[in-house]
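query08.cif, holding mmCIF, C-alpha atoms and all ligand atoms:
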data_protein
#
loop_
_atom_site.group_PDB
_atom_site.id
_atom_site.type_symbol
_atom_site.label_atom_id
_atom_site.label_comp_id
_atom_site.auth_asym_id
_atom_site.auth_seq_id
_atom_site.Cartn_x
_atom_site.Cartn_y
_atom_site.Cartn_z
ATOM 1 C CA MET A 1 -54.967 85.093 -33.905
ATOM 2 C CA TRP A 2 -52.255 83.850 -31.613
ATOM 3 C CA SER A 3 -48.792 84.826 -32.742
ATOM 4 C CA LEU A 4 -45.623 82.930 -32.029
ATOM 5 C CA THR A 5 -43.663 84.120 -29.037
ATOM 6 C CA GLY A 6 -40.348 82.716 -30.073
ATOM 7 C CA ASP A 7 -40.443 80.204 -27.227
ATOM 8 C CA GLU A 8 -40.858 77.379 -29.679
ATOM 9 C CA HIS A 9 -37.393 78.076 -31.019
ATOM 10 C CA LYS A 10 -35.774 77.488 -27.646
ATOM 11 C CA VAL A 11 -36.566 73.856 -27.436
ATOM 12 C CA GLY A 12 -36.090 70.866 -29.631
ATOM 13 C CA ARG A 13 -37.244 72.519 -32.797
ATOM 14 C CA SER A 14 -36.377 69.510 -34.894
ATOM 15 C CA ARG A 15 -38.649 67.427 -32.741
ATOM 16 C CA CYS A 16 -41.519 69.627 -33.791
ATOM 17 C CA ASP A 17 -40.910 69.614 -37.501
ATOM 18 C CA ARG A 18 -42.161 66.165 -38.356
ATOM 19 C CA PRO A 19 -44.311 63.629 -36.569
ATOM 20 C CA THR A 20 -41.979 60.698 -37.153
ATOM 21 C CA PHE A 21 -41.296 60.254 -33.476
ATOM 22 C CA PHE A 22 -44.716 58.883 -32.994
ATOM 23 C CA VAL A 23 -46.259 57.932 -36.301
ATOM 24 C CA ARG A 24 -43.541 55.663 -37.600
ATOM 25 C CA VAL A 25 -45.477 52.526 -38.199
ATOM 26 C CA SER A 26 -44.851 49.162 -39.651
ATOM 27 C CA ILE A 27 -47.353 48.718 -42.419
ATOM 28 C CA SER A 28 -47.988 45.319 -43.836
ATOM 29 C CA SER A 29 -48.456 45.692 -47.542
ATOM 30 C CA GLY A 30 -47.821 43.866 -50.722
ATOM 31 C CA ALA A 31 -44.604 45.852 -51.107
ATOM 32 C CA SER A 32 -43.267 44.559 -47.828
ATOM 33 C CA SER A 33 -41.310 41.379 -47.387
ATOM 34 C CA SER A 34 -42.681 40.910 -43.890
ATOM 35 C CA LYS A 35 -45.741 38.818 -43.313
ATOM 36 C CA PRO A 36 -48.815 41.006 -43.521
ATOM 37 C CA ARG A 37 -51.206 41.142 -40.626
ATOM 38 C CA THR A 38 -54.694 40.125 -41.388
ATOM 39 C CA THR A 39 -57.194 42.889 -41.757
ATOM 40 C CA GLY A 40 -60.028 41.440 -39.797
ATOM 41 C CA HIS A 41 -61.667 40.125 -42.936
ATOM 42 C CA GLY A 42 -59.569 37.008 -42.943
ATOM 43 C CA SER A 43 -57.367 38.442 -45.653
ATOM 44 C CA SER A 44 -53.588 38.433 -45.561
ATOM 45 C CA THR A 45 -53.400 41.166 -48.177
ATOM 46 C CA PRO A 46 -53.592 44.872 -47.487
ATOM 47 C CA ALA A 47 -56.859 45.953 -45.957
ATOM 48 C CA ARG A 48 -59.519 46.068 -48.615
ATOM 49 C CA SER A 49 -61.688 49.007 -49.231
ATOM 50 C CA TRP A 50 -65.312 48.641 -48.487
ATOM 51 C CA ASN A 51 -67.040 48.754 -51.838
ATOM 52 C CA ARG A 52 -67.160 46.133 -54.532
ATOM 53 C CA SER A 53 -64.663 47.879 -56.766
ATOM 54 C CA GLY A 54 -62.014 47.706 -54.082
ATOM 55 C CA ARG A 55 -61.903 51.484 -53.822
ATOM 56 C CA PRO A 56 -63.515 53.624 -51.193
ATOM 57 C CA ASN A 57 -66.744 55.202 -52.217
ATOM 58 C CA VAL A 58 -65.682 58.800 -51.997
ATOM 59 C CA GLN A 59 -69.202 60.030 -52.549
ATOM 60 C CA SER A 60 -70.565 58.191 -49.543
ATOM 61 C CA ILE A 61 -67.831 59.339 -47.210
ATOM 62 C CA HIS A 62 -67.725 62.936 -48.344
ATOM 63 C CA PRO A 63 -66.201 64.684 -45.385
ATOM 64 C CA GLY A 64 -68.478 67.664 -45.025
ATOM 65 C CA ARG A 65 -67.858 69.461 -41.765
ATOM 66 C CA ILE A 66 -64.920 68.372 -39.678
ATOM 67 C CA ASP A 67 -67.061 68.261 -36.551
ATOM 68 C CA ARG A 68 -69.414 65.660 -37.948
ATOM 69 C CA VAL A 69 -67.707 63.140 -35.657
ATOM 70 C CA ILE A 70 -70.123 64.675 -33.196
ATOM 71 C CA THR A 71 -73.044 65.691 -35.318
ATOM 72 C CA ASP A 72 -73.610 63.076 -37.985
ATOM 73 C CA ALA A 73 -76.328 60.459 -38.010
ATOM 74 C CA TRP A 74 -73.906 57.658 -37.241
ATOM 75 C CA ALA A 75 -72.660 59.395 -34.122
ATOM 76 C CA ARG A 76 -76.198 60.013 -32.922
ATOM 77 C CA LYS A 77 -77.213 56.406 -33.562
ATOM 78 C CA ASN A 78 -74.257 54.809 -31.813
ATOM 79 C CA SER A 79 -73.576 57.229 -28.990
ATOM 80 C CA GLY A 80 -75.073 57.105 -25.554
ATOM 81 C CA VAL A 81 -72.623 54.393 -24.591
ATOM 82 C CA GLY A 82 -71.759 54.373 -20.911
ATOM 83 C CA HIS A 83 -68.294 54.354 -19.501
ATOM 84 C CA TYR A 84 -65.960 51.617 -20.621
ATOM 85 C CA ASN A 85 -64.462 49.110 -18.234
ATOM 86 C CA HIS A 86 -60.869 48.799 -17.114
ATOM 87 C CA GLY A 87 -59.090 46.612 -19.654
ATOM 88 C CA ASP A 88 -61.618 46.950 -22.465
ATOM 89 C CA VAL A 89 -60.166 47.185 -25.969
ATOM 90 C CA VAL A 90 -61.274 50.494 -27.427
ATOM 91 C CA LEU A 91 -60.609 51.818 -30.917
ATOM 92 C CA ARG A 92 -59.438 55.379 -31.095
ATOM 93 C CA ARG A 93 -60.191 56.432 -34.653
ATOM 94 C CA SER A 94 -59.272 59.560 -36.548
ATOM 95 C CA ARG A 95 -61.828 60.535 -39.137
ATOM 96 C CA ARG A 96 -62.317 62.916 -42.012
ATOM 97 C CA GLY A 97 -66.064 62.920 -42.375
ATOM 98 C CA LEU A 98 -67.115 59.295 -42.526
ATOM 99 C CA ALA A 99 -63.681 58.252 -43.745
ATOM 100 C CA VAL A 100 -61.562 56.601 -41.074
ATOM 101 C CA THR A 101 -57.920 57.576 -41.522
ATOM 102 C CA TRP A 102 -56.231 56.144 -38.401
ATOM 103 C CA VAL A 103 -57.212 53.416 -35.962
ATOM 104 C CA GLN A 104 -55.384 52.784 -32.694
ATOM 105 C CA ALA A 105 -56.293 49.690 -30.680
ATOM 106 C CA THR A 106 -55.985 50.625 -27.010
ATOM 107 C CA ARG A 107 -56.883 49.371 -23.550
ATOM 108 C CA VAL A 108 -58.926 51.330 -21.066
ATOM 109 C CA VAL A 109 -57.001 52.349 -17.950
ATOM 110 C CA ARG A 110 -59.866 54.322 -16.456
ATOM 111 C CA ASP A 111 -63.055 55.918 -17.670
ATOM 112 C CA ASP A 112 -65.204 58.258 -15.606
ATOM 113 C CA GLU A 113 -66.824 61.661 -15.592
ATOM 114 C CA TYR A 114 -63.404 63.305 -15.893
ATOM 115 C CA GLY A 115 -62.429 61.538 -19.084
ATOM 116 C CA LEU A 116 -61.109 58.420 -20.729
ATOM 117 C CA LEU A 117 -57.540 57.206 -20.215
ATOM 118 C CA LEU A 118 -56.211 54.772 -22.813
ATOM 119 C CA TRP A 119 -53.025 52.704 -23.031
ATOM 120 C CA LEU A 120 -51.396 52.209 -26.424
ATOM 121 C CA PRO A 121 -48.331 50.000 -25.981
ATOM 122 C CA VAL A 122 -45.744 49.311 -28.638
ATOM 123 C CA GLY A 123 -47.056 46.417 -30.720
ATOM 124 C CA SER A 124 -50.708 47.430 -30.482
ATOM 125 C CA GLY A 125 -52.873 47.048 -33.530
ATOM 126 C CA PHE A 126 -52.752 50.155 -35.670
ATOM 127 C CA GLY A 127 -54.289 50.945 -39.029
ATOM 128 C CA CYS A 128 -53.854 53.908 -41.285
ATOM 129 C CA ARG A 129 -54.086 54.980 -44.893
ATOM 130 C CA ALA A 130 -50.815 54.319 -46.639
ATOM 131 C CA ASP A 131 -49.266 55.093 -49.986
ATOM 132 C CA ASP A 132 -47.872 52.587 -52.465
ATOM 133 C CA GLN A 133 -44.690 52.270 -50.422
ATOM 134 C CA GLY A 134 -46.649 51.473 -47.302
ATOM 135 C CA GLN A 135 -45.860 54.835 -45.777
ATOM 136 C CA ALA A 136 -48.387 56.559 -43.590
ATOM 137 C CA THR A 137 -49.429 59.861 -45.041
ATOM 138 C CA ARG A 138 -49.579 63.325 -43.577
ATOM 139 C CA GLU A 139 -52.315 65.833 -44.211
ATOM 140 C CA GLU A 140 -53.266 65.821 -47.863
ATOM 141 C CA PRO A 141 -56.322 66.774 -49.900
ATOM 142 C CA ILE A 142 -59.192 64.699 -48.656
ATOM 143 C CA ASP A 143 -59.833 62.972 -51.976
ATOM 144 C CA VAL A 144 -56.204 61.802 -51.973
ATOM 145 C CA VAL A 145 -56.438 60.533 -48.409
ATOM 146 C CA VAL A 146 -59.624 58.540 -48.831
ATOM 147 C CA ALA A 147 -58.508 57.015 -52.130
ATOM 148 C CA ARG A 148 -55.771 55.133 -50.286
ATOM 149 C CA PRO A 149 -56.505 51.844 -48.566
ATOM 150 C CA LEU A 150 -56.656 51.387 -44.841
ATOM 151 C CA VAL A 151 -53.789 49.067 -44.009
ATOM 152 C CA ALA A 152 -53.220 47.116 -40.823
ATOM 153 C CA GLY A 153 -49.922 47.393 -39.019
ATOM 154 C CA GLU A 154 -48.668 47.824 -35.517
ATOM 155 C CA TRP A 155 -47.764 50.767 -33.332
ATOM 156 C CA LYS A 156 -44.014 51.308 -33.117
ATOM 157 C CA ASP A 157 -41.309 52.886 -31.000
ATOM 158 C CA ASN A 158 -43.183 54.580 -28.173
ATOM 159 C CA SER A 159 -45.889 53.354 -25.858
ATOM 160 C CA VAL A 160 -48.429 56.048 -25.159
ATOM 161 C CA LEU A 161 -50.897 56.854 -22.445
ATOM 162 C CA ILE A 162 -53.679 58.930 -23.984
ATOM 163 C CA TRP A 163 -55.853 61.100 -21.766
ATOM 164 C CA ASN A 164 -59.107 62.202 -23.381
ATOM 165 C CA PRO A 165 -60.454 64.769 -20.914
ATOM 166 C CA ALA A 166 -64.229 65.116 -20.878
ATOM 167 C CA GLY A 167 -65.471 68.034 -22.923
ATOM 168 C CA ALA A 168 -62.022 69.139 -24.075
ATOM 169 C CA ALA A 169 -60.917 69.738 -27.655
ATOM 170 C CA HIS A 170 -57.608 67.967 -27.208
ATOM 171 C CA SER A 171 -56.063 64.763 -25.979
ATOM 172 C CA LEU A 172 -52.930 64.614 -23.846
ATOM 173 C CA TRP A 173 -50.351 61.930 -24.561
ATOM 174 C CA TRP A 174 -47.593 60.640 -22.261
ATOM 175 C CA PHE A 175 -44.806 59.051 -24.298
ATOM 176 C CA PHE A 176 -42.689 56.194 -22.991
ATOM 177 C CA HIS A 177 -39.642 54.793 -24.694
ATOM 178 C CA ALA A 178 -38.366 51.524 -23.254
ATOM 179 C CA LYS A 179 -40.597 52.186 -20.217
ATOM 180 C CA ARG A 180 -39.028 55.598 -19.626
ATOM 181 C CA PHE A 181 -41.190 58.720 -19.797
ATOM 182 C CA THR A 182 -39.947 60.957 -22.606
ATOM 183 C CA GLY A 183 -42.481 63.785 -22.816
ATOM 184 C CA TRP A 184 -46.024 64.926 -23.452
ATOM 185 C CA TYR A 185 -47.931 65.654 -26.606
ATOM 186 C CA VAL A 186 -51.057 67.747 -26.954
ATOM 187 C CA ASN A 187 -53.176 66.611 -29.881
ATOM 188 C CA LEU A 188 -55.723 69.265 -30.767
ATOM 189 C CA GLU A 189 -58.875 67.589 -32.015
ATOM 190 C CA ILE A 190 -62.645 67.526 -32.042
ATOM 191 C CA ARG A 191 -63.860 64.407 -30.284
ATOM 192 C CA GLY A 192 -67.101 62.551 -30.777
ATOM 193 C CA PRO A 193 -68.961 60.534 -28.150
ATOM 194 C CA ARG A 194 -68.117 57.023 -27.012
ATOM 195 C CA TRP A 195 -69.637 54.608 -29.501
ATOM 196 C CA SER A 196 -70.438 50.948 -29.826
ATOM 197 C CA ASP A 197 -71.862 49.087 -32.786
ATOM 198 C CA GLY A 198 -72.369 45.909 -30.799
ATOM 199 C CA GLN A 199 -69.084 44.318 -31.854
ATOM 200 C CA ARG A 200 -66.570 47.120 -31.610
ATOM 201 C CA CYS A 201 -66.403 50.200 -29.464
ATOM 202 C CA GLY A 202 -64.394 53.349 -29.434
ATOM 203 C CA ILE A 203 -64.150 57.080 -29.786
ATOM 204 C CA ASP A 204 -63.737 59.080 -32.977
ATOM 205 C CA VAL A 205 -61.770 62.271 -33.343
ATOM 206 C CA ALA A 206 -61.193 64.809 -36.086
ATOM 207 C CA ASP A 207 -57.578 65.888 -35.841
ATOM 208 C CA MET A 208 -57.008 69.635 -36.076
ATOM 209 C CA GLY A 209 -53.535 69.322 -37.547
ATOM 210 C CA LEU A 210 -51.897 71.487 -34.897
ATOM 211 C CA ASP A 211 -50.125 69.928 -31.915
ATOM 212 C CA VAL A 212 -47.953 70.939 -28.990
ATOM 213 C CA VAL A 213 -44.861 69.016 -27.913
ATOM 214 C CA VAL A 214 -43.949 69.382 -24.231
ATOM 215 C CA ASP A 215 -40.615 68.070 -23.025
ATOM 216 C CA PRO A 216 -40.126 66.520 -19.572
ATOM 217 C CA ASP A 217 -38.783 69.878 -18.316
ATOM 218 C CA ARG A 218 -42.082 71.374 -19.562
ATOM 219 C CA THR A 219 -40.547 73.493 -22.290
ATOM 220 C CA TRP A 220 -42.836 73.334 -25.276
ATOM 221 C CA CYS A 221 -43.263 74.115 -28.944
ATOM 222 C CA TRP A 222 -46.045 74.126 -31.479
ATOM 223 C CA LYS A 223 -45.855 71.392 -34.043
ATOM 224 C CA ASP A 224 -47.023 71.085 -37.651
ATOM 225 C CA GLU A 225 -47.941 74.715 -38.075
ATOM 226 C CA ASP A 226 -47.262 74.438 -41.798
ATOM 227 C CA ASP A 227 -49.962 71.810 -42.314
ATOM 228 C CA PHE A 228 -52.270 73.648 -39.970
ATOM 229 C CA ALA A 229 -52.052 76.787 -42.079
ATOM 230 C CA ALA A 230 -52.129 74.973 -45.400
ATOM 231 C CA PHE A 231 -55.321 73.049 -44.644
ATOM 232 C CA THR A 232 -57.288 75.775 -42.912
ATOM 233 C CA ASP A 233 -60.501 76.199 -44.921
ATOM 234 C CA ALA A 234 -59.591 73.304 -47.242
ATOM 235 C CA PRO A 235 -62.521 70.974 -48.073
ATOM 236 C CA GLY A 236 -62.988 68.423 -45.308
ATOM 237 C CA TYR A 237 -60.671 70.229 -42.918
ATOM 238 C CA TRP A 238 -61.112 72.941 -40.323
ATOM 239 C CA THR A 239 -62.527 76.380 -40.866
ATOM 240 C CA ALA A 240 -60.652 79.542 -40.009
ATOM 241 C CA ALA A 241 -62.869 79.940 -36.947
ATOM 242 C CA GLN A 242 -62.124 76.389 -35.831
ATOM 243 C CA ALA A 243 -58.414 77.050 -36.325
ATOM 244 C CA VAL A 244 -58.630 80.031 -33.989
ATOM 245 C CA ALA A 245 -60.455 77.872 -31.432
ATOM 246 C CA ALA A 246 -57.838 75.130 -31.711
ATOM 247 C CA ARG A 247 -55.035 77.608 -31.164
ATOM 248 C CA ALA A 248 -56.817 78.928 -28.087
ATOM 249 C CA GLU A 249 -57.284 75.385 -26.783
ATOM 250 C CA GLY A 250 -53.581 74.755 -27.291
ATOM 251 C CA ARG A 251 -52.709 77.925 -25.407
ATOM 252 C CA SER A 252 -54.854 76.860 -22.469
ATOM 253 C CA VAL A 253 -53.019 73.546 -22.241
ATOM 254 C CA ILE A 254 -49.643 75.257 -22.644
ATOM 255 C CA ALA A 255 -50.549 77.421 -19.649
ATOM 256 C CA LEU A 256 -51.011 74.273 -17.563
ATOM 257 C CA ALA A 257 -47.585 73.063 -18.666
ATOM 258 C CA GLU A 258 -45.947 76.349 -17.801
ATOM 259 C CA GLU A 259 -47.546 76.252 -14.351
ATOM 260 C CA GLY A 260 -46.709 72.608 -13.791
ATOM 261 C CA ARG A 261 -50.341 71.736 -13.144
ATOM 262 C CA PHE A 262 -52.084 68.495 -14.035
ATOM 263 C CA PRO A 263 -51.517 66.784 -16.364
ATOM 264 C CA PHE A 264 -47.988 68.204 -16.291
ATOM 265 C CA ASP A 265 -47.412 67.675 -12.568
ATOM 266 C CA GLY A 266 -45.754 64.275 -12.793
ATOM 267 C CA THR A 267 -48.964 62.282 -12.703
ATOM 268 C CA TYR A 268 -48.661 59.051 -14.704
ATOM 269 C CA CYS A 269 -45.023 59.692 -15.618
ATOM 270 C CA ASP A 270 -44.278 56.440 -13.799
ATOM 271 C CA PHE A 271 -47.248 54.620 -15.290
ATOM 272 C CA VAL A 272 -47.079 50.842 -15.386
ATOM 273 C CA PRO A 273 -49.831 48.960 -17.244
ATOM 274 C CA ASP A 274 -51.747 46.055 -15.806
ATOM 275 C CA PRO A 275 -49.335 43.113 -16.180
ATOM 276 C CA THR A 276 -52.188 40.787 -17.134
ATOM 277 C CA TRP A 277 -53.031 42.737 -20.277
ATOM 278 C CA SER A 278 -52.212 41.333 -23.681
ATOM 279 C CA LEU A 279 -51.517 43.673 -26.568
ATOM 280 C CA PRO A 280 -54.731 45.252 -27.869
ATOM 281 C CA GLU A 281 -55.440 44.069 -31.397
ATOM 282 C CA LEU A 282 -57.565 45.391 -34.226
ATOM 283 C CA PRO A 283 -60.858 43.517 -34.073
ATOM 284 C CA THR A 284 -62.752 42.103 -37.010
ATOM 285 C CA GLY A 285 -64.271 44.937 -38.988
ATOM 286 C CA TRP A 286 -61.881 47.543 -37.598
ATOM 287 C CA ASP A 287 -61.707 49.174 -41.025
ATOM 288 C CA LEU A 288 -65.414 49.425 -41.698
ATOM 289 C CA PRO A 289 -66.742 52.931 -42.187
ATOM 290 C CA PRO A 290 -69.069 54.375 -39.565
ATOM 291 C CA THR A 291 -72.341 53.799 -41.367
HETATM 292 MG MG MG B 301 -52.555 66.110 -34.318
#
What would you get if you wrote out this structure as structure tokens?
Amino acid sequence: MWSLTGDEHKVGRSRCDRPTFFVRVSISSGASSSKPRTTGHGSSTPARSWNRSGRPNVQSIHPGRIDRVITDAWARKNSGVGHYNHGDVVLRRSRRGLAVTWVQATRVVRDDEYGLLLWLPVGSGFGCRADDQGQATREEPIDVVVARPLVAGEWKDNSVLIWNPAGAAHSLWWFFHAKRFTGWYVNLEIRGPRWSDGQRCGIDVADMGLDVVVDPDRTWCWKDEDDFAAFTDAPGYWTAAQAVAARAEGRSVIALAEEGRFPFDGTYCDFVPDPTWSLPELPTGWDLPPT
């Protein structure tokens, strides 16, 4: 098991304690005075769950293995999708089993044999599971997570370029605040194949809980180690073996940062999106489970 070197204490420790710098979202809910976004079902109320009782059917979305984003029947049925086109709206979904927990509406910058590059500007459609106060939740027991409704909102604060390198167990995020590059973020994850159900398309990931924050000067720190430890071997989360693999993946990306190699070589730090693009929105049925 990788042990901490102490390097993470040199840099911006507070930045690594909580994910608020990128997951602060504006959730439209009944508790909010702002006008709710529609959910894609023509409703102006919080996103409804998908069974008749208005609650998610926990039984049918039992998480099982975290890597079922790759292995389950839904993934096999809907995969085999070719590369997306420049400008396509693609949903980047986080899943726990068949339960979708996050949805980011993005636009495709490029997509080829090297990977998929997505643009998530401030104001993009964003959905997540939220508590009664409309707050997005952190890692929690899976039955707690899936009992909360998926609620539509919009992405706030930082625009993000998300690189999903082919075959890797992470995504690499460039953060921009007011068009200025502010740092990288390594999201350790297990990624499923590109999918399309005929009306929506996207990629699904199972987040591994552990992340790496890399500042513009390429100093870095691990992030969310407490959750990572707490949920190792918890039902619906990662196994101890997968945790070791995620740590190793993180170390390999950290090595690139320390050496100043791509993607930490300045590439895309001056990224400017296609000026003809409108904000990507959540399409109808964005909150449907992958069944
Ligand atoms: Mg993460």
Applying 6 Å and all atoms listed in the file, which residues near range 187-198 of chain A remain after dropping the ones on its own chain fewer than 2 positions away? List them as an mmCIF file with C-alpha atoms, keeping the file's coordinate frame.
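Listing of out03.cif after writing:
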data_model
loop_
_atom_site.group_PDB
_atom_site.id
_atom_site.type_symbol
_atom_site.label_atom_id
_atom_site.label_comp_id
_atom_site.auth_asym_id
_atom_site.auth_seq_id
_atom_site.Cartn_x
_atom_site.Cartn_y
_atom_site.Cartn_z
ATOM 1 C CA VAL A 69 -67.707 63.140 -35.657
ATOM 2 C CA ILE A 70 -70.123 64.675 -33.196
ATOM 3 C CA ASN A 78 -74.257 54.809 -31.813
ATOM 4 C CA SER A 79 -73.576 57.229 -28.990
ATOM 5 C CA VAL A 81 -72.623 54.393 -24.591
ATOM 6 C CA ALA A 169 -60.917 69.738 -27.655
ATOM 7 C CA HIS A 170 -57.608 67.967 -27.208
ATOM 8 C CA SER A 171 -56.063 64.763 -25.979
ATOM 9 C CA ARG A 200 -66.570 47.120 -31.610
ATOM 10 C CA CYS A 201 -66.403 50.200 -29.464
ATOM 11 C CA GLY A 202 -64.394 53.349 -29.434
ATOM 12 C CA ILE A 203 -64.150 57.080 -29.786
ATOM 13 C CA ASP A 204 -63.737 59.080 -32.977
ATOM 14 C CA VAL A 205 -61.770 62.271 -33.343
ATOM 15 C CA ALA A 206 -61.193 64.809 -36.086
ATOM 16 C CA ASP A 207 -57.578 65.888 -35.841
ATOM 17 C CA MET A 208 -57.008 69.635 -36.076
ATOM 18 C CA ASP A 211 -50.125 69.928 -31.915
#
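Residues surrounding range 226-236 of chain A within 9 Å are His62, Pro63, Gly64, Arg65, Ile66, Arg96, Gly97, Arg138, Glu139, Glu140, Pro141, Ile142, Met208, Gly209, Leu210, Ala240, Gln242 and Ala243 of chain A [only C-alpha atoms; sequence separation below 4 positions excluded].
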For the residues selected in the previous step, produce a file with C-alpha atoms as a compact mmCIF listing (two decimals), keeping the file's coordinate frame.
# COMPACT_ATOMS: atom_id res chain seq x y z
CA HIS A 62 -67.72 62.94 -48.34
CA PRO A 63 -66.20 64.68 -45.38
CA GLY A 64 -68.48 67.66 -45.02
CA ARG A 65 -67.86 69.46 -41.76
CA ILE A 66 -64.92 68.37 -39.68
CA ARG A 96 -62.32 62.92 -42.01
CA GLY A 97 -66.06 62.92 -42.38
CA ARG A 138 -49.58 63.32 -43.58
CA GLU A 139 -52.32 65.83 -44.21
CA GLU A 140 -53.27 65.82 -47.86
CA PRO A 141 -56.32 66.77 -49.90
CA ILE A 142 -59.19 64.70 -48.66
CA MET A 208 -57.01 69.64 -36.08
CA GLY A 209 -53.54 69.32 -37.55
CA LEU A 210 -51.90 71.49 -34.90
CA ALA A 240 -60.65 79.54 -40.01
CA GLN A 242 -62.12 76.39 -35.83
CA ALA A 243 -58.41 77.05 -36.33
Using all atoms listed in the file, find the one residue out of A:Gly167, A:Pro121, A:Pro149, A:Pro216 that sits nearest to Gln133 in chain A.
A:Pro149
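For the choices A:Ala246, A:Val272, A:Val146, A:Leu117, the atom-to-atom distance to ligand MG 301 (chain B) is smallest for A:Ala246 when using all atoms listed in the file.
You will find CA of Leu116 in chain A at 22.9 Å from CA of Gly285 in chain A.
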Can you translate the PyMOL selection byres (((chain A and resi 163) around 10) and not hetatm) into the concrete residues it hits in this file, as a VMD selection string?
chain A and resid 109 to 111 114 to 119 160 to 162 164 to 166 170 to 174 186 263
Two-atom distance - CA of Asp217 in chain A, CA of Arg180 in chain A (Å):
14.3 Å
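We find CA of Val213 in chain A and CA of Tyr185 in chain A to be spaced 4.7 Å apart.
Using only C-alpha atoms and all ligand atoms for every distance, the candidate list A:Asp132, A:Asp67, A:Asp224, A:Asp143 yields A:Asp224 as the residue closest to ligand MG 301 (chain B).
Minimum atom-to-atom distance to ligand MG 301 (chain B), evaluated using all atoms listed in the file, belongs to A:Val212 out of A:Leu282, A:Val90, A:Val212, A:Val151.
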Go through the shown structure with the PyMOL selection byres (((chain A and resi 86) around 7) and not hetatm) and write out the matching residues as a ChimeraX atom specification.
/A:84-85,87-88,108-110
Selected residue, from A:Trp220, A:Phe126, A:Trp102, A:Asp270, that lies nearest to His177 in chain A when counting all atoms listed in the file:
A:Asp270
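Distance annotation: of A:Ala105, A:Ala75, A:Val214, A:Ala178, the residue with the minimal separation from Pro280 in chain A is A:Ala105; atom set is all atoms listed in the file.
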